[in-house]
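Structure file structure.cif with mmCIF, C-alpha atoms and all ligand atoms:
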```cif
data_target
loop_
_atom_site.group_PDB
_atom_site.id
_atom_site.type_symbol
_atom_site.label_atom_id
_atom_site.label_comp_id
_atom_site.auth_asym_id
_atom_site.auth_seq_id
_atom_site.Cartn_x
_atom_site.Cartn_y
_atom_site.Cartn_z
ATOM 1 C CA MET H 714 0.000 0.000 0.000
ATOM 2 C CA LYS H 715 1.272 3.428 -0.929
ATOM 3 C CA LEU H 716 1.529 5.928 1.917
ATOM 4 C CA LYS H 717 1.448 9.735 1.862
ATOM 5 C CA ILE H 718 4.927 11.276 1.803
ATOM 6 C CA PHE H 719 5.286 14.208 4.181
ATOM 7 C CA LYS H 720 7.120 17.236 2.784
ATOM 8 C CA TYR H 721 9.439 19.845 4.262
ATOM 9 C CA GLY H 722 7.452 22.048 6.640
ATOM 10 C CA GLU H 723 5.489 19.216 8.271
ATOM 11 C CA PRO H 724 6.334 19.103 12.019
ATOM 12 C CA VAL H 725 6.770 15.297 12.055
ATOM 13 C CA LEU H 726 9.978 15.606 9.991
ATOM 14 C CA ARG H 727 11.591 17.314 12.986
ATOM 15 C CA GLU H 728 10.499 14.690 15.497
ATOM 16 C CA LYS H 729 12.973 12.196 16.929
ATOM 17 C CA SER H 730 12.103 8.559 16.482
ATOM 18 C CA ALA H 731 11.328 6.182 19.346
ATOM 19 C CA PRO H 732 13.078 2.803 19.519
ATOM 20 C CA ILE H 733 10.998 -0.277 18.715
ATOM 21 C CA ALA H 734 10.691 -2.842 21.545
ATOM 22 C CA VAL H 735 9.912 -5.747 19.247
ATOM 23 C CA VAL H 736 9.294 -6.027 15.503
ATOM 24 C CA THR H 737 5.678 -7.136 15.214
ATOM 25 C CA GLY H 738 3.520 -8.187 12.255
ATOM 26 C CA PRO H 739 1.956 -4.720 11.930
ATOM 27 C CA LEU H 740 5.440 -3.142 11.851
ATOM 28 C CA ARG H 741 6.552 -5.618 9.162
ATOM 29 C CA ALA H 742 3.451 -4.696 7.139
ATOM 30 C CA PHE H 743 4.242 -1.007 7.667
ATOM 31 C CA ALA H 744 7.813 -1.605 6.439
ATOM 32 C CA ASP H 745 6.412 -3.286 3.300
ATOM 33 C CA ASP H 746 4.234 -0.210 2.730
ATOM 34 C CA MET H 747 7.290 2.018 3.157
ATOM 35 C CA VAL H 748 9.175 -0.007 0.536
ATOM 36 C CA ASP H 749 6.186 0.225 -1.858
ATOM 37 C CA THR H 750 5.968 3.980 -1.245
ATOM 38 C CA MET H 751 9.705 4.460 -1.820
ATOM 39 C CA HIS H 752 9.662 2.440 -5.042
ATOM 40 C CA ALA H 753 6.556 4.230 -6.359
ATOM 41 C CA ALA H 754 8.252 7.595 -5.722
ATOM 42 C CA LYS H 755 11.505 6.378 -7.314
ATOM 43 C CA GLY H 756 13.417 7.113 -4.117
ATOM 44 C CA VAL H 757 16.383 5.189 -2.727
ATOM 45 C CA GLY H 758 15.437 5.546 0.934
ATOM 46 C CA LEU H 759 12.560 6.407 3.229
ATOM 47 C CA ALA H 760 12.376 6.989 6.984
ATOM 48 C CA ALA H 761 9.288 6.622 9.192
ATOM 49 C CA GLN H 762 8.950 10.407 9.696
ATOM 50 C CA GLN H 763 8.546 10.834 5.949
ATOM 51 C CA VAL H 764 5.279 8.915 6.129
ATOM 52 C CA GLY H 765 4.160 10.627 9.327
ATOM 53 C CA ARG H 766 5.329 8.076 11.907
ATOM 54 C CA THR H 767 8.040 8.094 14.571
ATOM 55 C CA GLU H 768 9.067 4.466 15.006
ATOM 56 C CA ARG H 769 12.844 4.103 14.614
ATOM 57 C CA MET H 770 12.829 2.382 11.236
ATOM 58 C CA CYS H 771 13.789 3.082 7.670
ATOM 59 C CA VAL H 772 14.053 1.365 4.299
ATOM 60 C CA ILE H 773 16.683 1.684 1.581
ATOM 61 C CA ASP H 774 16.938 0.234 -1.907
ATOM 62 C CA ILE H 775 19.778 1.247 -4.201
ATOM 63 C CA PRO H 776 19.006 0.462 -7.853
ATOM 64 C CA GLU H 777 21.712 -1.088 -9.997
ATOM 65 C CA GLY H 778 24.009 1.393 -11.684
ATOM 66 C CA CYS H 779 23.954 4.025 -8.915
ATOM 67 C CA GLU H 780 27.257 2.932 -7.394
ATOM 68 C CA THR H 781 30.771 2.562 -8.720
ATOM 69 C CA ALA H 782 31.647 -1.044 -9.625
ATOM 70 C CA GLU H 783 34.019 -1.162 -6.675
ATOM 71 C CA ASP H 784 31.409 0.035 -4.147
ATOM 72 C CA GLU H 785 28.770 -2.240 -5.671
ATOM 73 C CA ALA H 786 31.046 -5.225 -5.134
ATOM 74 C CA PHE H 787 31.821 -4.144 -1.557
ATOM 75 C CA ASN H 788 28.131 -3.540 -0.744
ATOM 76 C CA SER H 789 26.856 -6.647 -2.532
ATOM 77 C CA ILE H 790 26.401 -8.662 0.684
ATOM 78 C CA VAL H 791 23.957 -6.064 2.059
ATOM 79 C CA PRO H 792 20.369 -7.323 1.528
ATOM 80 C CA MET H 793 18.152 -5.116 -0.683
ATOM 81 C CA PRO H 794 15.711 -3.690 0.027
ATOM 82 C CA LEU H 795 17.431 -2.985 3.321
ATOM 83 C CA VAL H 796 14.766 -2.771 6.042
ATOM 84 C CA MET H 797 16.222 -1.571 9.334
ATOM 85 C CA PHE H 798 14.559 -1.412 12.732
ATOM 86 C CA ASN H 799 16.396 0.521 15.498
ATOM 87 C CA PRO H 800 19.393 1.295 13.261
ATOM 88 C CA GLU H 801 22.449 2.909 14.853
ATOM 89 C CA ILE H 802 25.732 3.835 13.226
ATOM 90 C CA LEU H 803 28.608 2.214 15.111
ATOM 91 C CA SER H 804 31.510 3.751 13.211
ATOM 92 C CA ARG H 805 32.305 6.127 10.355
ATOM 93 C CA GLU H 806 35.405 6.344 8.197
ATOM 94 C CA GLY H 807 36.696 8.790 5.619
ATOM 95 C CA SER H 808 34.657 11.407 3.845
ATOM 96 C CA GLN H 809 32.773 11.919 0.577
ATOM 97 C CA CYS H 810 30.897 14.870 -0.871
ATOM 98 C CA ASP H 811 28.179 14.405 -3.458
ATOM 99 C CA LYS H 812 24.734 15.532 -4.603
ATOM 100 C CA GLU H 813 21.843 14.420 -2.458
ATOM 101 C CA GLY H 814 18.089 14.660 -2.708
ATOM 102 C CA CYS H 815 15.129 13.672 -0.576
ATOM 103 C CA LEU H 816 11.527 12.663 -1.268
ATOM 104 C CA SER H 817 10.422 15.260 1.292
ATOM 105 C CA PHE H 818 12.142 17.992 -0.772
ATOM 106 C CA PRO H 819 10.793 17.734 -4.315
ATOM 107 C CA GLY H 820 12.812 19.877 -6.701
ATOM 108 C CA VAL H 821 15.682 20.597 -4.286
ATOM 109 C CA GLY H 822 19.065 18.864 -4.257
ATOM 110 C CA GLY H 823 22.443 19.921 -2.954
ATOM 111 C CA SER H 824 25.903 18.678 -2.064
ATOM 112 C CA VAL H 825 26.432 17.102 1.336
ATOM 113 C CA THR H 826 29.657 15.869 2.932
ATOM 114 C CA ARG H 827 29.288 12.530 4.685
ATOM 115 C CA ALA H 828 31.439 9.632 5.861
ATOM 116 C CA ALA H 829 32.737 7.448 3.025
ATOM 117 C CA GLN H 830 32.074 4.242 4.940
ATOM 118 C CA VAL H 831 29.788 3.370 7.833
ATOM 119 C CA THR H 832 29.123 0.333 9.967
ATOM 120 C CA CYS H 833 25.540 0.133 11.137
ATOM 121 C CA GLN H 834 23.699 -2.204 13.497
ATOM 122 C CA TYR H 835 19.965 -2.856 13.332
ATOM 123 C CA LEU H 836 17.248 -5.432 13.912
ATOM 124 C CA ASP H 837 15.900 -7.209 10.870
ATOM 125 C CA ALA H 838 12.226 -8.099 10.348
ATOM 126 C CA ASP H 839 12.738 -11.303 12.381
ATOM 127 C CA ASN H 840 14.174 -9.364 15.344
ATOM 128 C CA MET H 841 17.661 -10.645 14.569
ATOM 129 C CA PRO H 842 20.511 -8.216 15.290
ATOM 130 C CA ARG H 843 22.492 -7.464 12.122
ATOM 131 C CA ILE H 844 25.563 -5.427 11.301
ATOM 132 C CA VAL H 845 26.354 -4.056 7.841
ATOM 133 C CA THR H 846 29.329 -2.115 6.562
ATOM 134 C CA ALA H 847 28.643 0.026 3.499
ATOM 135 C CA ARG H 848 30.589 2.384 1.282
ATOM 136 C CA GLY H 849 29.847 5.130 -1.181
ATOM 137 C CA PHE H 850 26.256 5.753 -2.236
ATOM 138 C CA LEU H 851 24.782 3.167 0.137
ATOM 139 C CA ALA H 852 26.783 4.614 3.044
ATOM 140 C CA ARG H 853 25.392 8.037 2.098
ATOM 141 C CA ALA H 854 21.816 6.695 2.006
ATOM 142 C CA ILE H 855 22.209 5.073 5.439
ATOM 143 C CA GLN H 856 23.494 8.338 6.939
ATOM 144 C CA HIS H 857 20.695 10.334 5.279
ATOM 145 C CA GLU H 858 17.960 8.010 6.579
ATOM 146 C CA LEU H 859 19.411 7.818 10.098
ATOM 147 C CA ASP H 860 19.502 11.614 10.159
ATOM 148 C CA HIS H 861 15.737 11.582 9.421
ATOM 149 C CA LEU H 862 15.244 9.303 12.438
ATOM 150 C CA ASP H 863 16.901 11.979 14.582
ATOM 151 C CA GLY H 864 14.818 14.785 13.056
ATOM 152 C CA VAL H 865 17.792 16.037 11.023
ATOM 153 C CA LEU H 866 17.272 16.953 7.366
ATOM 154 C CA TYR H 867 19.866 17.032 4.631
ATOM 155 C CA VAL H 868 19.350 20.766 4.088
ATOM 156 C CA ASP H 869 20.750 21.230 7.609
ATOM 157 C CA ARG H 870 24.040 19.909 6.228
ATOM 158 C CA LEU H 871 24.323 22.034 3.082
ATOM 159 C CA SER H 872 27.051 24.618 2.820
ATOM 160 C CA GLU H 873 25.948 28.111 3.819
ATOM 161 C CA ALA H 874 26.259 29.282 0.192
ATOM 162 C CA GLU H 875 24.109 26.440 -1.130
ATOM 163 C CA ARG H 876 21.517 26.865 1.569
ATOM 164 C CA LEU H 877 21.225 30.537 0.692
ATOM 165 C CA SER H 878 20.830 29.739 -2.993
ATOM 166 C CA PHE H 879 17.980 27.305 -2.191
ATOM 167 C CA GLU H 880 16.369 29.574 0.400
ATOM 168 C CA PRO H 881 13.497 30.883 -1.794
ATOM 169 C CA LYS H 882 12.530 27.328 -2.826
ATOM 170 C CA LEU H 883 12.850 26.014 0.724
ATOM 171 C CA LYS H 884 10.753 28.852 2.094
ATOM 172 C CA ARG H 885 8.017 28.181 -0.470
ATOM 173 C CA LEU H 886 8.052 24.421 0.130
ATOM 174 C CA CYS H 887 8.007 24.850 3.901
ATOM 175 C CA GLY H 888 5.241 27.450 3.760
ATOM 176 C CA SER H 889 2.935 25.189 1.780
ATOM 177 C CA ASN H 890 3.418 22.215 4.131
ATOM 178 C CA GLY H 891 2.929 23.497 7.661
ATOM 179 C CA GLY H 892 5.724 26.012 8.035
ATOM 180 C CA VAL H 893 8.039 24.166 10.454
ATOM 181 C CA ARG H 894 11.728 24.652 9.558
HETATM 182 NI NI NI H 901 15.313 12.110 2.881
#
```

Write the structure described by the file as structure tokens, please.
Amino acid sequence: MKLKIFKYGEPVLREKSAPIAVVTGPLRAFADDMVDTMHAAKGVGLAAQQVGRTERMCVIDIPEGCETAEDEAFNSIVPMPLVMFNPEILSREGSQCDKEGCLSFPGVGGSVTRAAQVTCQYLDADNMPRIVTARGFLARAIQHELDHLDGVLYVDRLSEAERLSFEPKLKRLCGSNGGVR
């Protein structure tokens, strides 16, 4: 089932997520809906806040051809779609800067510096603890989605110059969706 995607300005995007005690059937069904919603919107990641919820969970699916061959090989053991409950980043290494976008910010995209590699722990749909290490584009997606779970948005991480250049668009988008920066 496709869910409504909340846009910049909606207060829920600034809310911090609450950890999940146990992954239940309804939460698994909700995760499936998040994956459907992400795919329908042609996104590569979606966090609970973006569909108006605050459980600590997110989904990621990187289509083929988005990563360098080297990163794709490194990341190939990570299951896709990656459905993570209670994800936490354990370690970060290196740095990368690249263009980023977000389904909650239609028509806006800017450059964000992030770690080049991250190791992340989470619970899978069967409540099994998992650890993944990811590089490149997937590492970027994981950091972006975990930011959402903390109420942090990628525009918070733009350079001052870029943020200023997007300001009119951001103001308009925010104003038509509830007005919460
Ligand atoms: Ni996003």

Using all atoms listed in the file, find the one residue out of H:Phe818, H:Phe850, H:Phe787, H:Tyr835 that sits nearest to Pro800 in chain H.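 Looking only at the distances to Pro800 in chain H, the closest residue turns out to be H:Tyr835.
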
Residues within 7 Å of range 754-762 of chain H, please, as a PyMOL selection string. Count all atoms listed in the file; anything in the same chain fewer than 3 positions from it doesn't count. chain H and resi 725-726+747+750-751+765-775+816+854+858+861-862

Given the PyMOL selection byres (((chain H and resi 849) around 10) and not hetatm) and the file above, list the residues it selects as a ChimeraX atom specification. /H:779-781,783-785,787-788,808-811,827-831,847-848,850-854

Expected selection from the PyMOL selection byres (((chain H and resi 890) around 12) and not hetatm), given as a VMD selection string: chain H and resid 718 to 726 817 to 818 883 to 889 891 to 894

Going by the chain IDs and residue numbers used in this file, which residues fall under the PyMOL selection byres (((chain H and resi 734) around 12) and not hetatm)? Write them as a list of chain:residue names. H:Ala731, H:Pro732, H:Ile733, H:Val735, H:Val736, H:Thr737, H:Leu740, H:Glu768, H:Arg769, H:Met770, H:Phe798, H:Asn799, H:Leu836, H:Asn840

Which one is closest to Asp837 in chain H: H:Gly822, H:His857, H:Pro794, H:Asp749? Count only C-alpha atoms.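 Residue with the minimum atom-to-atom distance to Asp837 in chain H: H:Pro794.
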
For a quick check of understanding, using only C-alpha atoms, which of H:Ile790, H:Ala744, H:Val821, H:Val845 has the smallest distance to Arg876 in chain H?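 Among the listed residues, the smallest separation from Arg876 in chain H belongs to H:Val821.
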
To one decimal in Å, tell me the separation between CA of Asp863 in chain H and CA of Lys729 in chain H.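 Going from CA of Asp863 in chain H over to CA of Lys729 in chain H, I get 4.6 Å.
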
Could you give me, as a list in words, the residues within 8 Å of Ile844 in chain H, counting all atoms listed in the file and dropping anything in the same chain fewer than 6 positions from it? Thr832, Cys833, Gln834 and Tyr835 of chain H

Quick one, how far is CA of Leu871 in chain H from CA of Met797 in chain H?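 Pair CA of Leu871 in chain H / CA of Met797 in chain H returns 25.7 Å.
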
Using all atoms listed in the file, which of the listed residues (H:Ala874, H:Ile855, H:Ala742, H:Leu716) sits closest to ligand NI 901 (chain H)? H:Ile855

Best match for closeness to ligand NI 901 (chain H) among H:Asp745, H:Asp839, H:Asp869, H:Glu777, counting only C-alpha atoms and all ligand atoms: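 Among the listed residues, H:Asp869 lies closest to ligand NI 901 (chain H).
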
Quick one: of H:Ala838, H:Val791, H:Val825, H:Ala753, who's nearest to Arg870 in chain H, counting only C-alpha atoms?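 Of all the options, H:Val825 lies closest to Arg870 in chain H.
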
To one decimal in Å, tell me the separation between CA of Ser878 in chain H and CA of Gln856 in chain H. 23.7 Å

Mind giving me the axis-aligned box for range 854-872 of chain H with 6 Å on every side, centre plus edges in Å to one decimal, as lines of an AutoDock Vina configuration file?
```
center_x = 20.9
center_y = 14.8
center_z = 8.3
size_x = 24.2
size_y = 31.5
size_z = 24.6
```

Using the incomplete input, complete range 809-825 of chain H to the level of N, CA, C and O atoms; output as an mmCIF file, in the coordinates of the input.
```cif
data_model
loop_
_atom_site.group_PDB
_atom_site.id
_atom_site.type_symbol
_atom_site.label_atom_id
_atom_site.label_comp_id
_atom_site.auth_asym_id
_atom_site.auth_seq_id
_atom_site.Cartn_x
_atom_site.Cartn_y
_atom_site.Cartn_z
ATOM 1 N N GLN H 809 33.181 11.802 1.981
ATOM 2 C CA GLN H 809 32.773 11.919 0.577
ATOM 3 C C GLN H 809 31.819 13.107 0.490
ATOM 4 O O GLN H 809 31.111 13.418 1.440
ATOM 5 N N CYS H 810 31.841 13.766 -0.657
ATOM 6 C CA CYS H 810 30.897 14.870 -0.871
ATOM 7 C C CYS H 810 30.225 14.650 -2.207
ATOM 8 O O CYS H 810 30.897 14.443 -3.221
ATOM 9 N N ASP H 811 28.898 14.637 -2.213
ATOM 10 C CA ASP H 811 28.179 14.405 -3.458
ATOM 11 C C ASP H 811 26.773 15.000 -3.374
ATOM 12 O O ASP H 811 26.328 15.411 -2.311
ATOM 13 N N LYS H 812 26.108 15.027 -4.525
ATOM 14 C CA LYS H 812 24.734 15.532 -4.603
ATOM 15 C C LYS H 812 23.793 14.600 -3.858
ATOM 16 O O LYS H 812 23.978 13.383 -3.883
ATOM 17 N N GLU H 813 22.812 15.192 -3.208
ATOM 18 C CA GLU H 813 21.843 14.420 -2.458
ATOM 19 C C GLU H 813 20.467 15.025 -2.669
ATOM 20 O O GLU H 813 20.339 16.226 -2.864
ATOM 21 N N GLY H 814 19.461 14.170 -2.632
ATOM 22 C CA GLY H 814 18.089 14.660 -2.708
ATOM 23 C C GLY H 814 17.262 13.928 -1.677
ATOM 24 O O GLY H 814 17.777 13.072 -0.965
ATOM 25 N N CYS H 815 15.982 14.260 -1.606
ATOM 26 C CA CYS H 815 15.129 13.672 -0.576
ATOM 27 C C CYS H 815 13.683 13.750 -1.041
ATOM 28 O O CYS H 815 13.278 14.771 -1.592
ATOM 29 N N LEU H 816 12.925 12.678 -0.819
ATOM 30 C CA LEU H 816 11.527 12.663 -1.268
ATOM 31 C C LEU H 816 10.680 13.720 -0.557
ATOM 32 O O LEU H 816 9.629 14.105 -1.062
ATOM 33 N N SER H 817 11.159 14.213 0.584
ATOM 34 C CA SER H 817 10.422 15.260 1.292
ATOM 35 C C SER H 817 10.773 16.660 0.782
ATOM 36 O O SER H 817 10.223 17.650 1.261
ATOM 37 N N PHE H 818 11.702 16.712 -0.186
ATOM 38 C CA PHE H 818 12.142 17.992 -0.772
ATOM 39 C C PHE H 818 12.076 17.944 -2.291
ATOM 40 O O PHE H 818 13.113 17.998 -2.957
ATOM 41 N N PRO H 819 10.859 17.819 -2.851
ATOM 42 C CA PRO H 819 10.793 17.734 -4.315
ATOM 43 C C PRO H 819 11.397 18.980 -4.970
ATOM 44 O O PRO H 819 11.112 20.098 -4.546
ATOM 45 N N GLY H 820 12.258 18.757 -5.945
ATOM 46 C CA GLY H 820 12.812 19.877 -6.701
ATOM 47 C C GLY H 820 14.014 20.542 -6.060
ATOM 48 O O GLY H 820 14.517 21.530 -6.586
ATOM 49 N N VAL H 821 14.495 20.022 -4.916
ATOM 50 C CA VAL H 821 15.682 20.597 -4.286
ATOM 51 C C VAL H 821 16.741 19.501 -4.149
ATOM 52 O O VAL H 821 16.424 18.371 -3.810
ATOM 53 N N GLY H 822 17.973 19.833 -4.441
ATOM 54 C CA GLY H 822 19.065 18.864 -4.257
ATOM 55 C C GLY H 822 20.371 19.597 -4.133
ATOM 56 O O GLY H 822 20.633 20.530 -4.893
ATOM 57 N N GLY H 823 21.187 19.216 -3.160
ATOM 58 C CA GLY H 823 22.443 19.921 -2.954
ATOM 59 C C GLY H 823 23.537 18.977 -2.523
ATOM 60 O O GLY H 823 23.307 17.790 -2.315
ATOM 61 N N SER H 824 24.746 19.502 -2.409
ATOM 62 C CA SER H 824 25.903 18.678 -2.064
ATOM 63 C C SER H 824 26.064 18.565 -0.552
ATOM 64 O O SER H 824 25.991 19.575 0.155
ATOM 65 N N VAL H 825 26.275 17.353 -0.093
ATOM 66 C CA VAL H 825 26.432 17.102 1.336
ATOM 67 C C VAL H 825 27.680 16.252 1.557
ATOM 68 O O VAL H 825 27.919 15.277 0.858
#
```
